[in-house]
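One structure is given here, and the rest of the page talks about it.
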Amino acid sequence: KQEVTQIPAALSVPEGENLVLNCSFTDSAIYNLQWFRQDPGKGLTSLLLIQSSQREQTSGRLNASLDKSSGRSTLYIAASQPGDSATYLCAVRHAGRRALTFGSGTRLQVQP
Amino acid sequence: EAGVAQSPRYKIIEKRQSVAFWCNPISGHATLYWYQQILGQGPKLLIQFQNNGVVDDSQLPKDRFSAERLKGVDSTLKIQPAKLEDSAVYLCASSLARDREGYEQYFGPGTRLTVT
């Protein structure tokens, strides 16, 4: 059974810092990995999707990497801003299933 | 392009009452998912549809939860009777149908259910 773990559970940083969020998964037989952002009381917004054949994806100040063999992904946020404050969720799509298995998220607070 | 629509956004009911949630996926998305997100946790799949057929309902508490997707478009999720532990956000998502690698899942805003 696939399990997804995110560390840390919560993070508070001053504005302008670069930061890294970590995600690990137990079964490396995945099709892809998605990073989502969730604002309080809102749904999920997809940030980046990395296919199993890819090593990283970039969008603006965000960069996500994937090391399938070790079961790890990182989300790098450059020059953090208060507007980045949200919960960040990592989810993997296991080979043979379309549904996603989610981690519990990292709650990020960026202090102005 | 319109996103995934859900209603209602909020619902408060007493335990043992019934409740229904509605989802309209992105046009052309054959696959539809219902997830349950309990406070402080990541979403957990309840049921997955491919067109109007059920693909995976292994984690759906079938004694009280039911879902349907008539005509392969809109879907409803029902809880009858509700328990206190059903308090959660119910998220609907949709994606294109291809099985290989990767199509993104797009999520609706969710319905926040409080059972008192």
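Ligands are numbered from 1 in the order shown, residues from 1 within each chain, and chains are lettered A, B, ... in the order they appear in the structure tokens.
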All residues 8 Å or closer to Ile79 of chain B, only C-alpha atoms, same chain fewer than 2 positions away omitted, as a PyMOL selection string:
chain B and resi 18-20+64-66+77+81-82
Do you know which residues are at most 8 Å from Pro82 of chain A counting only C-alpha atoms, after dropping those on the same chain fewer than 3 positions away, and could you put them as an MDAnalysis selection string?
chainID A and resid 15 85 109:112
With all heavy atoms retained, could you export that selection as a PDB file, in the first residue's frame?
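Output file part-v4.pdb follows:
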ATOM      1  N   GLU A  15       9.913  36.592   4.938  1.00  0.00           N
ATOM      2  CA  GLU A  15       9.792  36.893   3.516  1.00  0.00           C
ATOM      3  C   GLU A  15      11.170  36.966   2.864  1.00  0.00           C
ATOM      4  O   GLU A  15      12.126  37.489   3.425  1.00  0.00           O
ATOM      5  CB  GLU A  15       9.073  38.233   3.353  1.00  0.00           C
ATOM      6  CG  GLU A  15       8.841  38.662   1.931  1.00  0.00           C
ATOM      7  CD  GLU A  15       8.059  39.961   1.855  1.00  0.00           C
ATOM      8  OE1 GLU A  15       7.757  40.554   2.916  1.00  0.00           O
ATOM      9  OE2 GLU A  15       7.705  40.376   0.729  1.00  0.00           O
ATOM     10  N   SER A  85       1.872  31.800   1.526  1.00  0.00           N
ATOM     11  CA  SER A  85       1.355  31.139   2.728  1.00  0.00           C
ATOM     12  C   SER A  85       0.144  30.290   2.373  1.00  0.00           C
ATOM     13  O   SER A  85      -0.850  30.795   1.838  1.00  0.00           O
ATOM     14  CB  SER A  85       0.976  32.178   3.785  1.00  0.00           C
ATOM     15  OG  SER A  85       2.111  32.907   4.186  1.00  0.00           O
ATOM     16  N   GLN A 109       3.900  29.285   6.430  1.00  0.00           N
ATOM     17  CA  GLN A 109       3.598  30.682   6.784  1.00  0.00           C
ATOM     18  C   GLN A 109       4.825  31.510   6.429  1.00  0.00           C
ATOM     19  O   GLN A 109       5.915  31.242   6.919  1.00  0.00           O
ATOM     20  CB  GLN A 109       3.305  30.785   8.284  1.00  0.00           C
ATOM     21  CG  GLN A 109       2.951  32.178   8.758  1.00  0.00           C
ATOM     22  CD  GLN A 109       1.454  32.423   8.731  1.00  0.00           C
ATOM     23  OE1 GLN A 109       0.679  31.489   8.780  1.00  0.00           O
ATOM     24  NE2 GLN A 109       1.062  33.671   8.641  1.00  0.00           N
ATOM     25  N   VAL A 110       4.632  32.518   5.573  1.00  0.00           N
ATOM     26  CA  VAL A 110       5.718  33.427   5.209  1.00  0.00           C
ATOM     27  C   VAL A 110       5.442  34.769   5.875  1.00  0.00           C
ATOM     28  O   VAL A 110       4.430  35.428   5.591  1.00  0.00           O
ATOM     29  CB  VAL A 110       5.825  33.603   3.682  1.00  0.00           C
ATOM     30  CG1 VAL A 110       6.984  34.556   3.343  1.00  0.00           C
ATOM     31  CG2 VAL A 110       6.010  32.263   2.993  1.00  0.00           C
ATOM     32  N   GLN A 111       6.332  35.152   6.771  1.00  0.00           N
ATOM     33  CA  GLN A 111       6.147  36.375   7.566  1.00  0.00           C
ATOM     34  C   GLN A 111       6.642  37.596   6.797  1.00  0.00           C
ATOM     35  O   GLN A 111       7.742  37.582   6.275  1.00  0.00           O
ATOM     36  CB  GLN A 111       6.922  36.267   8.887  1.00  0.00           C
ATOM     37  CG  GLN A 111       6.674  35.000   9.666  1.00  0.00           C
ATOM     38  CD  GLN A 111       5.334  35.001  10.359  1.00  0.00           C
ATOM     39  OE1 GLN A 111       4.633  36.005  10.361  1.00  0.00           O
ATOM     40  NE2 GLN A 111       4.965  33.873  10.938  1.00  0.00           N
ATOM     41  N   PRO A 112       5.825  38.670   6.731  1.00  0.00           N
ATOM     42  CA  PRO A 112       6.261  39.886   6.019  1.00  0.00           C
ATOM     43  C   PRO A 112       7.347  40.624   6.790  1.00  0.00           C
ATOM     44  O   PRO A 112       7.510  40.424   7.990  1.00  0.00           O
ATOM     45  CB  PRO A 112       4.980  40.721   5.938  1.00  0.00           C
ATOM     46  CG  PRO A 112       4.060  40.171   6.961  1.00  0.00           C
ATOM     47  CD  PRO A 112       4.440  38.743   7.195  1.00  0.00           C
TER      48      PRO A 112
END
B:Ile38, B:Val55, B:Leu60, B:Leu70: which is nearest Val89 of chain B, counting only C-alpha atoms?
B:Ile38
Kindly provide the residues of chain B that approach chain A to within 12 Å, each paired with its closest atom pair and their distance in Å to one decimal, based on only C-alpha atoms, listed by chain and increasing number, as CSV.
residue,atom,partner,partner_atom,distance
B:Gly3,CA,A:Thr45,CA,11.0
B:Val4,CA,A:Gly43,CA,10.1
B:Ala5,CA,A:Gly43,CA,10.7
B:Gln6,CA,A:Gly43,CA,10.3
B:Arg9,CA,A:Gly41,CA,9.6
B:Tyr10,CA,A:Gly41,CA,10.0
B:Ala30,CA,A:Arg98,CA,11.8
B:Thr31,CA,A:Arg98,CA,8.6
B:Leu32,CA,A:Ala99,CA,9.5
B:Tyr33,CA,A:Ala99,CA,7.5
B:Trp34,CA,A:Ala99,CA,9.6
B:Tyr35,CA,A:Ala99,CA,9.4
B:Gln36,CA,A:Phe102,CA,11.2
B:Gln37,CA,A:Ser104,CA,9.7
B:Ile38,CA,A:Ser104,CA,10.0
B:Leu39,CA,A:Ser104,CA,9.7
B:Gly40,CA,A:Ser104,CA,6.8
B:Gln41,CA,A:Ser104,CA,4.6
B:Gly42,CA,A:Ser104,CA,4.3
B:Pro43,CA,A:Phe102,CA,6.2
B:Lys44,CA,A:Thr101,CA,7.0
B:Leu45,CA,A:Ala99,CA,6.8
B:Leu46,CA,A:Ala99,CA,9.6
B:Ile47,CA,A:Ala99,CA,8.9
B:Gln48,CA,A:Ala99,CA,7.3
B:Phe49,CA,A:Arg98,CA,10.1
B:Gln50,CA,A:Arg98,CA,10.0
B:Val55,CA,A:Arg97,CA,9.3
B:Asp56,CA,A:Ala99,CA,8.6
B:Asp57,CA,A:Ala99,CA,10.8
B:Ser58,CA,A:Ala99,CA,11.7
B:Gln59,CA,A:Ala99,CA,11.6
B:Ala88,CA,A:Gly41,CA,11.2
B:Val89,CA,A:Gly41,CA,8.8
B:Tyr90,CA,A:Gly43,CA,9.5
B:Leu91,CA,A:Gly43,CA,7.2
B:Cys92,CA,A:Gly43,CA,9.1
B:Ala93,CA,A:Leu44,CA,9.4
B:Ser94,CA,A:Ala99,CA,10.1
B:Ser95,CA,A:Arg98,CA,9.1
B:Leu96,CA,A:Arg98,CA,10.2
B:Ala97,CA,A:Arg98,CA,9.0
B:Arg98,CA,A:Arg98,CA,9.2
B:Asp99,CA,A:Arg98,CA,7.1
B:Arg100,CA,A:Tyr31,CA,7.6
B:Glu101,CA,A:Tyr31,CA,4.8
B:Gly102,CA,A:Asn32,CA,6.4
B:Tyr103,CA,A:Leu49,CA,8.7
B:Glu104,CA,A:Leu49,CA,7.0
B:Gln105,CA,A:Ser46,CA,7.9
B:Tyr106,CA,A:Ser46,CA,7.2
B:Phe107,CA,A:Leu44,CA,5.7
B:Gly108,CA,A:Gly43,CA,5.7
B:Pro109,CA,A:Gly43,CA,4.0
B:Gly110,CA,A:Gly43,CA,5.6
B:Thr111,CA,A:Gly43,CA,9.1
B:Arg112,CA,A:Gly41,CA,8.1
B:Leu113,CA,A:Gly41,CA,11.6
With a distance cut-off of 10 Å and only C-alpha atoms, select the neighbouring residues of Thr26 of chain A, excluding the residue or stretch itself and same-chain residues fewer than 5 positions from it, and output the selection as a PyMOL selection string.
chain A and resi 1-5+70-72
Any idea what the distance is between atom CA of Pro61 of chain B and atom CA of Arg37 of chain A?
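Value for the atom CA of Pro61 of chain B-atom CA of Arg37 of chain A distance: 27.7 Å.
Compared by their closest atoms to Ala67 of chain B, and using only C-alpha atoms, the residues B:Trp22, B:Thr114, B:Lys83, B:Lys11 rank with B:Trp22 nearest.
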Atom-to-atom span, atom CA of Glu17 of chain A and atom CA of Pro40 of chain A, Å:
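That distance, rounded to one decimal, is 22.4 Å.
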Which of chain B counts as strand (DSSP E) under DSSP, as a ChimeraX atom specification please?
/B:5-7,10-13,19-24,31-37,44-50,53-56,65-68,75-79,88-95,106-107,111-115
Arg55 of chain A: which residues within 7 Å, counting only C-alpha atoms, same-chain residues fewer than 2 positions away excluded, as an MDAnalysis selection string?
chainID A and resid 53 65:67
